[in-house]
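Just work-v1.csv here, CSV, C-alpha atoms:
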chain,number,residue,atom,x,y,z
A,1,MET,CA,-4.0,-82.9,116.9
A,2,SER,CA,-6.7,-85.0,115.3
A,3,ILE,CA,-10.4,-84.7,116.4
A,4,LEU,CA,-12.8,-87.7,116.6
A,5,VAL,CA,-16.4,-87.0,117.4
A,6,ARG,CA,-18.0,-90.3,118.1
A,7,ASN,CA,-21.8,-90.7,118.2
A,8,VAL,CA,-22.4,-87.4,120.0
A,9,SER,CA,-25.9,-86.2,121.0
A,10,LYS,CA,-27.1,-83.1,122.8
A,11,ARG,CA,-30.6,-82.0,123.9
A,12,PHE,CA,-31.9,-78.8,125.3
A,13,GLY,CA,-35.2,-79.8,126.9
A,14,ASP,CA,-37.2,-81.4,124.1
A,15,PHE,CA,-35.0,-79.9,121.4
A,16,ILE,CA,-32.4,-82.2,119.8
A,17,ALA,CA,-29.5,-79.9,118.9
A,18,VAL,CA,-27.0,-82.6,118.0
A,19,ASP,CA,-28.3,-86.1,117.0
A,20,HIS,CA,-25.8,-89.0,117.0
A,21,VAL,CA,-23.1,-87.2,115.1
A,22,SER,CA,-19.8,-88.9,114.2
A,23,LEU,CA,-17.0,-86.9,112.5
A,24,GLU,CA,-13.3,-87.2,112.0
A,25,VAL,CA,-11.0,-84.2,111.6
A,26,GLU,CA,-7.4,-85.0,110.5
A,27,SER,CA,-4.5,-83.3,112.2
A,28,GLY,CA,-3.5,-80.1,110.6
A,29,SER,CA,-6.6,-79.9,108.4
A,30,LEU,CA,-9.2,-77.1,108.0
A,31,THR,CA,-12.8,-78.3,108.3
A,32,ALA,CA,-16.0,-76.3,107.9
A,33,LEU,CA,-19.2,-77.1,109.8
A,34,LEU,CA,-21.7,-75.8,107.2
A,35,GLY,CA,-25.5,-75.5,107.7
A,36,PRO,CA,-28.4,-73.2,108.2
A,37,SER,CA,-29.2,-71.3,111.4
A,38,GLY,CA,-30.3,-73.7,114.2
A,39,SER,CA,-28.8,-76.8,112.5
A,40,GLY,CA,-26.6,-77.6,115.5
A,41,LYS,CA,-23.2,-76.7,114.1
A,42,SER,CA,-22.3,-74.2,116.8
A,43,THR,CA,-23.4,-76.6,119.6
A,44,LEU,CA,-21.2,-79.3,118.1
A,45,LEU,CA,-18.3,-76.9,118.0
A,46,ARG,CA,-18.9,-75.9,121.7
A,47,ILE,CA,-19.0,-79.6,122.6
A,48,ILE,CA,-15.6,-80.1,121.0
A,49,ALA,CA,-14.3,-77.1,122.9
A,50,GLY,CA,-15.7,-78.4,126.2
A,51,LEU,CA,-18.0,-75.4,126.6
A,52,GLU,CA,-21.0,-77.7,126.3
A,53,THR,CA,-21.3,-81.3,127.7
A,54,ALA,CA,-22.6,-84.0,125.4
A,55,ASP,CA,-25.5,-86.1,126.6
A,56,GLU,CA,-24.1,-89.1,124.7
A,57,GLY,CA,-21.0,-90.0,122.8
A,58,GLN,CA,-17.3,-89.2,123.0
A,59,ILE,CA,-14.8,-86.5,122.0
A,60,LEU,CA,-11.3,-87.8,121.4
A,61,LEU,CA,-8.3,-85.5,120.8
A,62,SER,CA,-5.4,-87.4,119.2
A,63,GLY,CA,-6.9,-90.6,120.5
A,64,ARG,CA,-7.3,-89.3,124.1
A,65,ASP,CA,-10.8,-89.3,125.6
A,66,ALA,CA,-11.5,-85.6,126.3
A,67,THR,CA,-15.3,-85.9,126.7
A,68,ARG,CA,-15.3,-84.8,130.4
A,69,LEU,CA,-12.1,-82.8,130.2
A,70,ALA,CA,-12.3,-79.1,131.3
A,71,PRO,CA,-11.9,-76.6,128.4
A,72,GLN,CA,-8.7,-75.2,129.7
A,73,ARG,CA,-7.1,-78.7,129.6
A,74,ARG,CA,-7.9,-79.4,126.0
A,75,ASN,CA,-5.3,-77.1,124.5
A,76,ILE,CA,-7.9,-75.4,122.2
A,77,GLY,CA,-8.1,-71.9,121.0
A,78,PHE,CA,-11.6,-70.5,120.5
A,79,VAL,CA,-12.6,-67.4,118.4
A,80,PHE,CA,-16.1,-66.0,118.8
A,81,GLN,CA,-18.1,-64.0,116.2
A,82,HIS,CA,-18.2,-60.9,118.3
A,83,TYR,CA,-14.5,-60.7,119.1
A,84,ALA,CA,-14.9,-60.9,123.0
A,85,ALA,CA,-12.0,-58.4,123.3
A,86,PHE,CA,-11.0,-56.7,126.5
A,87,LYS,CA,-12.0,-53.1,125.8
A,88,HIS,CA,-9.7,-51.6,128.4
A,89,MET,CA,-6.6,-53.4,127.0
A,90,THR,CA,-4.5,-52.5,124.0
A,91,VAL,CA,-4.1,-54.9,121.1
A,92,ARG,CA,-0.8,-56.0,122.5
A,93,GLU,CA,-2.3,-56.6,125.9
A,94,ASN,CA,-5.2,-58.5,124.5
A,95,VAL,CA,-2.9,-60.8,122.5
A,96,ALA,CA,-0.6,-61.3,125.5
A,97,PHE,CA,-3.5,-62.1,128.0
A,98,GLY,CA,-3.5,-65.9,127.7
A,99,LEU,CA,0.3,-66.0,128.0
A,100,LYS,CA,0.2,-63.9,131.2
A,101,VAL,CA,-2.4,-66.1,132.7
A,102,ARG,CA,-0.1,-69.0,132.1
A,103,LYS,CA,2.7,-67.0,133.8
A,104,ARG,CA,5.1,-67.3,130.9
A,105,PRO,CA,8.4,-65.3,131.1
A,106,LYS,CA,8.1,-61.7,130.0
A,107,GLU,CA,10.6,-62.0,127.2
A,108,GLU,CA,8.8,-65.0,125.8
A,109,ILE,CA,5.5,-63.1,125.9
A,110,ARG,CA,7.0,-60.1,124.2
A,111,ASP,CA,8.6,-62.2,121.4
A,112,ARG,CA,5.4,-64.3,120.9
A,113,VAL,CA,3.2,-61.3,120.7
A,114,ASP,CA,5.6,-59.6,118.3
A,115,GLU,CA,5.5,-62.7,116.1
A,116,LEU,CA,1.7,-62.9,116.1
A,117,LEU,CA,1.2,-59.2,115.4
A,118,HIS,CA,3.4,-59.6,112.4
A,119,LEU,CA,1.6,-62.7,111.3
A,120,VAL,CA,-1.9,-61.1,111.5
A,121,GLN,CA,-0.6,-57.8,110.0
A,122,LEU,CA,-1.2,-55.6,113.1
A,123,GLU,CA,2.3,-54.5,113.9
A,124,GLY,CA,1.4,-50.9,113.6
A,125,PHE,CA,-1.7,-51.2,115.8
A,126,ALA,CA,-0.2,-52.8,118.9
A,127,HIS,CA,-0.9,-49.8,121.2
A,128,ARG,CA,-4.4,-49.1,119.9
A,129,TYR,CA,-7.6,-50.2,121.8
A,130,PRO,CA,-10.2,-52.5,120.2
A,131,ALA,CA,-12.6,-49.5,119.7
A,132,GLN,CA,-10.0,-47.9,117.5
A,133,LEU,CA,-9.9,-50.9,115.1
A,134,SER,CA,-12.0,-51.9,112.2
A,135,GLY,CA,-14.1,-55.1,112.4
A,136,GLY,CA,-11.6,-57.0,110.3
A,137,GLN,CA,-8.7,-55.8,112.4
A,138,ARG,CA,-10.5,-56.8,115.7
A,139,GLN,CA,-11.1,-60.3,114.3
A,140,ARG,CA,-7.5,-60.6,113.3
A,141,MET,CA,-6.6,-59.6,116.9
A,142,GLY,CA,-9.0,-62.2,118.2
A,143,LEU,CA,-7.2,-64.9,116.1
A,144,ALA,CA,-3.8,-63.7,117.3
A,145,ARG,CA,-5.0,-63.9,120.9
A,146,ALA,CA,-6.4,-67.5,120.4
A,147,LEU,CA,-3.1,-68.6,118.8
A,148,ALA,CA,-0.8,-67.0,121.4
A,149,PRO,CA,-0.7,-70.0,123.8
A,150,GLU,CA,0.1,-72.3,120.8
A,151,PRO,CA,-3.1,-74.4,120.9
A,152,GLN,CA,-3.2,-77.7,119.0
A,153,VAL,CA,-6.8,-77.0,117.8
A,154,LEU,CA,-8.4,-73.7,116.7
A,155,LEU,CA,-12.2,-73.4,116.7
A,156,LEU,CA,-14.0,-70.5,115.1
A,157,ASP,CA,-17.7,-69.9,115.5
A,158,GLU,CA,-19.0,-67.8,112.6
A,159,PRO,CA,-15.8,-65.8,112.7
A,160,PHE,CA,-16.7,-63.3,109.9
A,161,GLY,CA,-20.5,-63.2,110.5
A,162,ALA,CA,-20.5,-59.6,111.8
A,163,LEU,CA,-18.5,-58.2,108.8
A,164,ASP,CA,-19.5,-56.8,105.5
A,165,ALA,CA,-19.2,-58.9,102.3
A,166,ARG,CA,-16.0,-57.3,101.1
A,167,VAL,CA,-14.2,-57.7,104.4
A,168,ARG,CA,-15.5,-61.2,104.8
A,169,ALA,CA,-14.0,-62.2,101.4
A,170,GLU,CA,-10.6,-60.6,102.3
A,171,LEU,CA,-10.5,-62.3,105.7
A,172,ARG,CA,-11.5,-65.8,104.5
A,173,GLU,CA,-8.6,-65.7,102.0
A,174,TRP,CA,-6.3,-64.4,104.7
A,175,LEU,CA,-7.5,-67.2,107.1
A,176,ARG,CA,-6.6,-69.9,104.5
A,177,GLN,CA,-3.1,-68.3,104.1
A,178,LEU,CA,-2.7,-68.1,107.9
A,179,HIS,CA,-3.7,-71.8,108.3
A,180,ASP,CA,-1.1,-72.8,105.7
A,181,VAL,CA,1.6,-71.1,107.8
A,182,VAL,CA,0.6,-72.3,111.3
A,183,HIS,CA,-0.9,-75.7,110.4
A,184,VAL,CA,-3.1,-75.8,113.4
A,185,THR,CA,-6.0,-78.2,113.2
A,186,THR,CA,-8.9,-75.8,112.5
A,187,VAL,CA,-12.7,-76.2,112.6
A,188,PHE,CA,-14.9,-73.2,111.8
A,189,VAL,CA,-18.7,-72.8,111.7
A,190,THR,CA,-20.4,-71.0,108.9
A,191,HIS,CA,-23.7,-70.8,107.1
A,192,ASP,CA,-22.0,-69.3,104.0
A,193,GLN,CA,-21.5,-71.9,101.4
A,194,ALA,CA,-19.0,-69.8,99.4
A,195,GLU,CA,-16.9,-69.3,102.5
A,196,ALA,CA,-16.8,-73.1,103.2
A,197,MET,CA,-16.1,-74.0,99.6
A,198,GLU,CA,-13.3,-71.5,99.2
A,199,ILE,CA,-11.1,-72.2,102.2
A,200,SER,CA,-11.7,-75.6,103.7
A,201,ASP,CA,-10.1,-79.0,103.1
A,202,GLN,CA,-13.3,-80.8,104.3
A,203,ILE,CA,-16.9,-79.7,104.7
A,204,ALA,CA,-19.3,-81.3,107.2
A,205,VAL,CA,-22.9,-80.4,106.2
A,206,VAL,CA,-25.2,-80.2,109.2
A,207,ASN,CA,-29.0,-80.1,109.1
A,208,HIS,CA,-31.4,-80.6,112.0
A,209,GLY,CA,-28.6,-81.8,114.3
A,210,ARG,CA,-27.4,-84.5,111.9
A,211,LEU,CA,-24.6,-84.8,109.4
A,212,GLU,CA,-25.9,-85.0,105.9
A,213,GLN,CA,-22.5,-85.5,104.2
A,214,VAL,CA,-18.8,-85.0,104.9
A,215,GLY,CA,-16.3,-84.6,102.1
A,216,ALA,CA,-14.1,-82.3,100.1
A,217,PRO,CA,-15.8,-79.2,98.6
A,218,ARG,CA,-15.7,-80.5,95.1
A,219,ASP,CA,-17.2,-83.9,96.1
A,220,LEU,CA,-20.1,-82.2,97.9
A,221,TYR,CA,-20.8,-80.1,94.8
A,222,ASP,CA,-20.4,-82.8,92.2
A,223,ARG,CA,-21.7,-85.8,94.2
A,224,PRO,CA,-24.2,-84.6,96.8
A,225,ALA,CA,-25.6,-87.4,98.9
A,226,SER,CA,-29.0,-85.8,99.5
A,227,GLU,CA,-31.4,-83.3,98.1
A,228,PHE,CA,-30.6,-81.0,101.0
A,229,VAL,CA,-26.8,-81.0,100.2
A,230,MET,CA,-27.6,-80.5,96.5
A,231,THR,CA,-29.7,-77.4,97.2
A,232,PHE,CA,-27.6,-76.0,100.1
A,233,VAL,CA,-24.1,-76.5,98.6
A,234,GLY,CA,-24.5,-74.5,95.4
A,235,ASP,CA,-27.6,-73.6,93.3
A,236,ALA,CA,-30.0,-76.1,91.8
A,237,ASN,CA,-33.1,-76.0,89.6
A,238,ASP,CA,-36.0,-78.3,89.9
A,239,VAL,CA,-36.9,-79.5,86.4
A,240,GLY,CA,-39.6,-82.1,86.5
A,241,GLY,CA,-38.7,-83.4,89.9
A,242,ARG,CA,-35.0,-83.7,89.1
A,243,LEU,CA,-32.3,-81.3,90.3
A,244,VAL,CA,-30.0,-79.6,87.8
A,245,ARG,CA,-27.1,-77.3,88.4
A,246,PRO,CA,-27.4,-73.9,86.6
A,247,HIS,CA,-24.3,-74.7,84.4
A,248,ASP,CA,-25.9,-78.1,83.5
A,249,LEU,CA,-29.0,-76.4,82.0
A,250,GLU,CA,-28.9,-76.3,78.2
A,251,LEU,CA,-30.9,-73.6,76.3
A,252,LEU,CA,-32.3,-74.5,72.9
A,253,ASN,CA,-34.1,-72.5,70.2
A,254,GLU,CA,-36.3,-75.4,69.3
A,255,PRO,CA,-38.0,-78.2,71.2
A,256,ALA,CA,-36.1,-81.4,71.6
A,257,ASP,CA,-36.4,-84.7,73.5
A,258,GLY,CA,-36.5,-84.1,77.2
A,259,SER,CA,-36.8,-80.3,76.9
A,260,VAL,CA,-39.2,-78.0,78.7
A,261,GLU,CA,-40.5,-74.7,77.4
A,262,ALA,CA,-39.5,-71.5,79.3
A,263,MET,CA,-39.3,-67.7,78.9
A,264,ILE,CA,-36.2,-65.6,79.6
A,265,VAL,CA,-37.1,-62.9,82.1
A,266,ARG,CA,-33.7,-61.5,82.9
A,267,VAL,CA,-30.0,-61.7,81.8
A,268,THR,CA,-27.1,-60.6,84.0
A,269,ILE,CA,-23.5,-60.4,82.9
A,270,LEU,CA,-21.2,-61.7,85.7
A,271,GLY,CA,-17.7,-61.1,84.3
A,272,ARG,CA,-16.8,-64.1,82.3
A,273,ASP,CA,-20.3,-65.7,82.8
A,274,ALA,CA,-23.9,-64.8,82.0
A,275,LYS,CA,-26.7,-65.6,84.3
A,276,VAL,CA,-30.0,-66.3,82.5
A,277,GLU,CA,-33.2,-66.3,84.6
A,278,LEU,CA,-36.3,-68.0,83.2
A,279,HIS,CA,-39.9,-69.0,84.1
A,280,ASP,CA,-41.3,-72.3,82.9
A,281,ALA,CA,-44.9,-72.8,81.8
A,282,GLY,CA,-46.0,-73.2,85.4
A,283,GLY,CA,-44.3,-70.0,86.6
A,284,ALA,CA,-41.4,-71.8,88.3
A,285,GLU,CA,-38.2,-69.8,88.5
A,286,LEU,CA,-35.1,-71.4,86.8
A,287,VAL,CA,-31.5,-70.2,86.4
A,288,ALA,CA,-29.0,-71.1,83.7
A,289,LEU,CA,-25.3,-70.2,83.8
A,290,LEU,CA,-23.5,-69.8,80.5
A,291,THR,CA,-20.0,-68.7,79.6
A,292,ARG,CA,-19.8,-65.3,78.0
A,293,ASP,CA,-18.7,-66.8,74.7
A,294,ASP,CA,-21.6,-69.2,74.6
A,295,PHE,CA,-24.0,-66.5,75.6
A,296,ASP,CA,-22.7,-64.1,73.0
A,297,ASP,CA,-22.9,-66.8,70.3
A,298,SER,CA,-26.5,-67.8,71.3
A,299,GLY,CA,-28.2,-64.4,70.5
A,300,LEU,CA,-30.5,-64.9,73.5
A,301,TRP,CA,-32.6,-61.9,74.7
A,302,ARG,CA,-35.1,-61.0,77.5
A,303,GLY,CA,-38.7,-62.1,76.6
A,304,GLN,CA,-37.5,-64.9,74.3
A,305,THR,CA,-39.1,-68.3,74.5
A,306,VAL,CA,-36.6,-71.2,74.6
A,307,TRP,CA,-36.5,-74.8,75.5
A,308,ILE,CA,-34.4,-76.0,78.5
A,309,ARG,CA,-32.9,-79.4,78.7
A,310,PRO,CA,-30.7,-80.8,81.5
A,311,LYS,CA,-27.3,-82.0,80.5
A,312,HIS,CA,-26.8,-83.7,83.9
A,313,GLU,CA,-29.5,-84.2,86.5
A,314,ARG,CA,-30.0,-85.9,89.9
A,315,ALA,CA,-32.9,-87.5,91.6
A,316,PHE,CA,-33.0,-88.4,95.3
A,317,ALA,CA,-35.1,-91.0,97.1
A,318,ALA,CA,-37.9,-89.4,99.1
The structure in this file should be written as structure tokens.
Amino acid sequence: MSILVRNVSKRFGDFIAVDHVSLEVESGSLTALLGPSGSGKSTLLRIIAGLETADEGQILLSGRDATRLAPQRRNIGFVFQHYAAFKHMTVRENVAFGLKVRKRPKEEIRDRVDELLHLVQLEGFAHRYPAQLSGGQRQRMGLARALAPEPQVLLLDEPFGALDARVRAELREWLRQLHDVVHVTTVFVTHDQAEAMEISDQIAVVNHGRLEQVGAPRDLYDRPASEFVMTFVGDANDVGGRLVRPHDLELLNEPADGSVEAMIVRVTILGRDAKVELHDAGGAELVALLTRDDFDDSGLWRGQTVWIRPKHERAFAA
């Protein structure tokens, strides 16, 4: 099922949460709504789900106008950050709940639940209660429950926000693998740029209720449309009013055309890369990223004075 958001706006009193947003999500794709807290991304997701009503604009699902359609008639599965599990029900009962509400045959429910528990790797936990699961297991249960009625769209609101960094990394890789199996059109909200870059086909960057840019992860990183996208999607240094990615910052032992003097204040080895933190003459903090081979060959050290020069830079209109 494709999703078309057409010129949608939403206010809460004087606050504009979503400001004339238009977005297209292809059928079977995985799209991230990426932005800082309060940017309007969760409100937009809830409007797509029918949990909020747009003040202006349309929501079309596979070409059908769903703007005023009740949530239960949109064939959408929704996963919340805090699981929203029924604490008195087992994992199996939680996953089966939506199917029982729809009065599906018992054998169909049993087979579908078995299939999903296998898919989310919870076969051995079917008779446990949510309190007996880890955070990652509860979130996988939540995904299974959302998928049980076979929705055509899956919406996830900060699905891994309550989990620690290691579990988040494991689950986002698992979510991508799951998506490649089920091929359900998926939109998920996140403020984590690494999460969005790693698993999504398309990223929509949201800021102050408006879309800054929509594109593939690589396009947003390599060809940002605005200063906000440049600084939010990946790291960037401000060198003389121009933005430079850390890997595009050249370190020289002698001054050269276009270079700026700086001092190395810290070096951190990050596996195959080396992160070099510097301060320029005005005290501004800068970061350069070198390969380990280049760093080892350079002979750089903490406290050394060097000259920095952008290999590639970008300037945006004010």
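You can rank A:Arg64, A:Val113, A:His118, A:Gln81 by their closest distance to Phe97 of chain A using only C-alpha atoms, and at the top of that list sits A:Val113.
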- Message: Can you pull out the residues contacting segment 282-287 of chain A? Cut-off 7 Å, using only C-alpha atoms, and skip same-chain residues under 5 positions away; I want them as JSON, numbers by chain.
- Response: {"A": [237, 246, 275, 276, 277]}
- For Asp180 of chain A, which of A:Gln213, A:Thr43, A:Ser29, A:Ser226 is the closest residue, counting all atoms listed in the file? A:Ser29
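Taking atom CA of Thr305 of chain A as the reference point, atom CA of Ala288 of chain A is found at 13.9 Å.
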Show me as a PDB file with C-alpha atoms, in the coordinates of the input the residues that reach within 10 Å of (-25.1, -81.3, 109.5), counting all atoms listed in the file and using the file's own coordinates.
ATOM      1  CA  VAL A  18     -27.000 -82.600 118.000  1.00  0.00           C
ATOM      2  CA  ASP A  19     -28.300 -86.100 117.000  1.00  0.00           C
ATOM      3  CA  VAL A  21     -23.100 -87.200 115.100  1.00  0.00           C
ATOM      4  CA  LEU A  33     -19.200 -77.100 109.800  1.00  0.00           C
ATOM      5  CA  LEU A  34     -21.700 -75.800 107.200  1.00  0.00           C
ATOM      6  CA  GLY A  35     -25.500 -75.500 107.700  1.00  0.00           C
ATOM      7  CA  PRO A  36     -28.400 -73.200 108.200  1.00  0.00           C
ATOM      8  CA  SER A  39     -28.800 -76.800 112.500  1.00  0.00           C
ATOM      9  CA  GLY A  40     -26.600 -77.600 115.500  1.00  0.00           C
ATOM     10  CA  LYS A  41     -23.200 -76.700 114.100  1.00  0.00           C
ATOM     11  CA  LEU A  44     -21.200 -79.300 118.100  1.00  0.00           C
ATOM     12  CA  ILE A 203     -16.900 -79.700 104.700  1.00  0.00           C
ATOM     13  CA  ALA A 204     -19.300 -81.300 107.200  1.00  0.00           C
ATOM     14  CA  VAL A 205     -22.900 -80.400 106.200  1.00  0.00           C
ATOM     15  CA  VAL A 206     -25.200 -80.200 109.200  1.00  0.00           C
ATOM     16  CA  ASN A 207     -29.000 -80.100 109.100  1.00  0.00           C
ATOM     17  CA  HIS A 208     -31.400 -80.600 112.000  1.00  0.00           C
ATOM     18  CA  GLY A 209     -28.600 -81.800 114.300  1.00  0.00           C
ATOM     19  CA  ARG A 210     -27.400 -84.500 111.900  1.00  0.00           C
ATOM     20  CA  LEU A 211     -24.600 -84.800 109.400  1.00  0.00           C
ATOM     21  CA  GLU A 212     -25.900 -85.000 105.900  1.00  0.00           C
ATOM     22  CA  GLN A 213     -22.500 -85.500 104.200  1.00  0.00           C
ATOM     23  CA  VAL A 214     -18.800 -85.000 104.900  1.00  0.00           C
ATOM     24  CA  VAL A 229     -26.800 -81.000 100.200  1.00  0.00           C
TER      25      VAL A 229
END
Counting all atoms listed in the file, which residues of segment 64-175 of chain A fall within 12 Å of segment 2-10 of chain A, and what is the closest atom pair for each with its distance in Å at one decimal, ordered by chain and rising number, as CSV?
residue,atom,partner,partner_atom,distance
A:Arg64,CA,A:Leu4,CA,9.4
A:Asp65,CA,A:Leu4,CA,9.4
A:Ala66,CA,A:Ile3,CA,10.0
A:Thr67,CA,A:Val5,CA,9.4
A:Arg74,CA,A:Ile3,CA,11.2
A:Ile76,CA,A:Ile3,CA,11.2
A:Gln152,CA,A:Ser2,CA,8.9
A:Val153,CA,A:Ser2,CA,8.4
A:Leu154,CA,A:Ile3,CA,11.2
A:Leu155,CA,A:Ile3,CA,11.4
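Take atom CA of Gln121 of chain A and atom CA of His179 of chain A: the distance between them is 14.4 Å.
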- Query: What is the distance, in Å and to one decimal place, between atom CA of Leu45 of chain A and atom CA of Ala169 of chain A?
  - Reply: 22.6 Å
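Across A:Arg245, A:Arg223, A:Lys87, A:Lys311, the tightest approach to Tyr129 of chain A is made by A:Lys87 when counting only C-alpha atoms.
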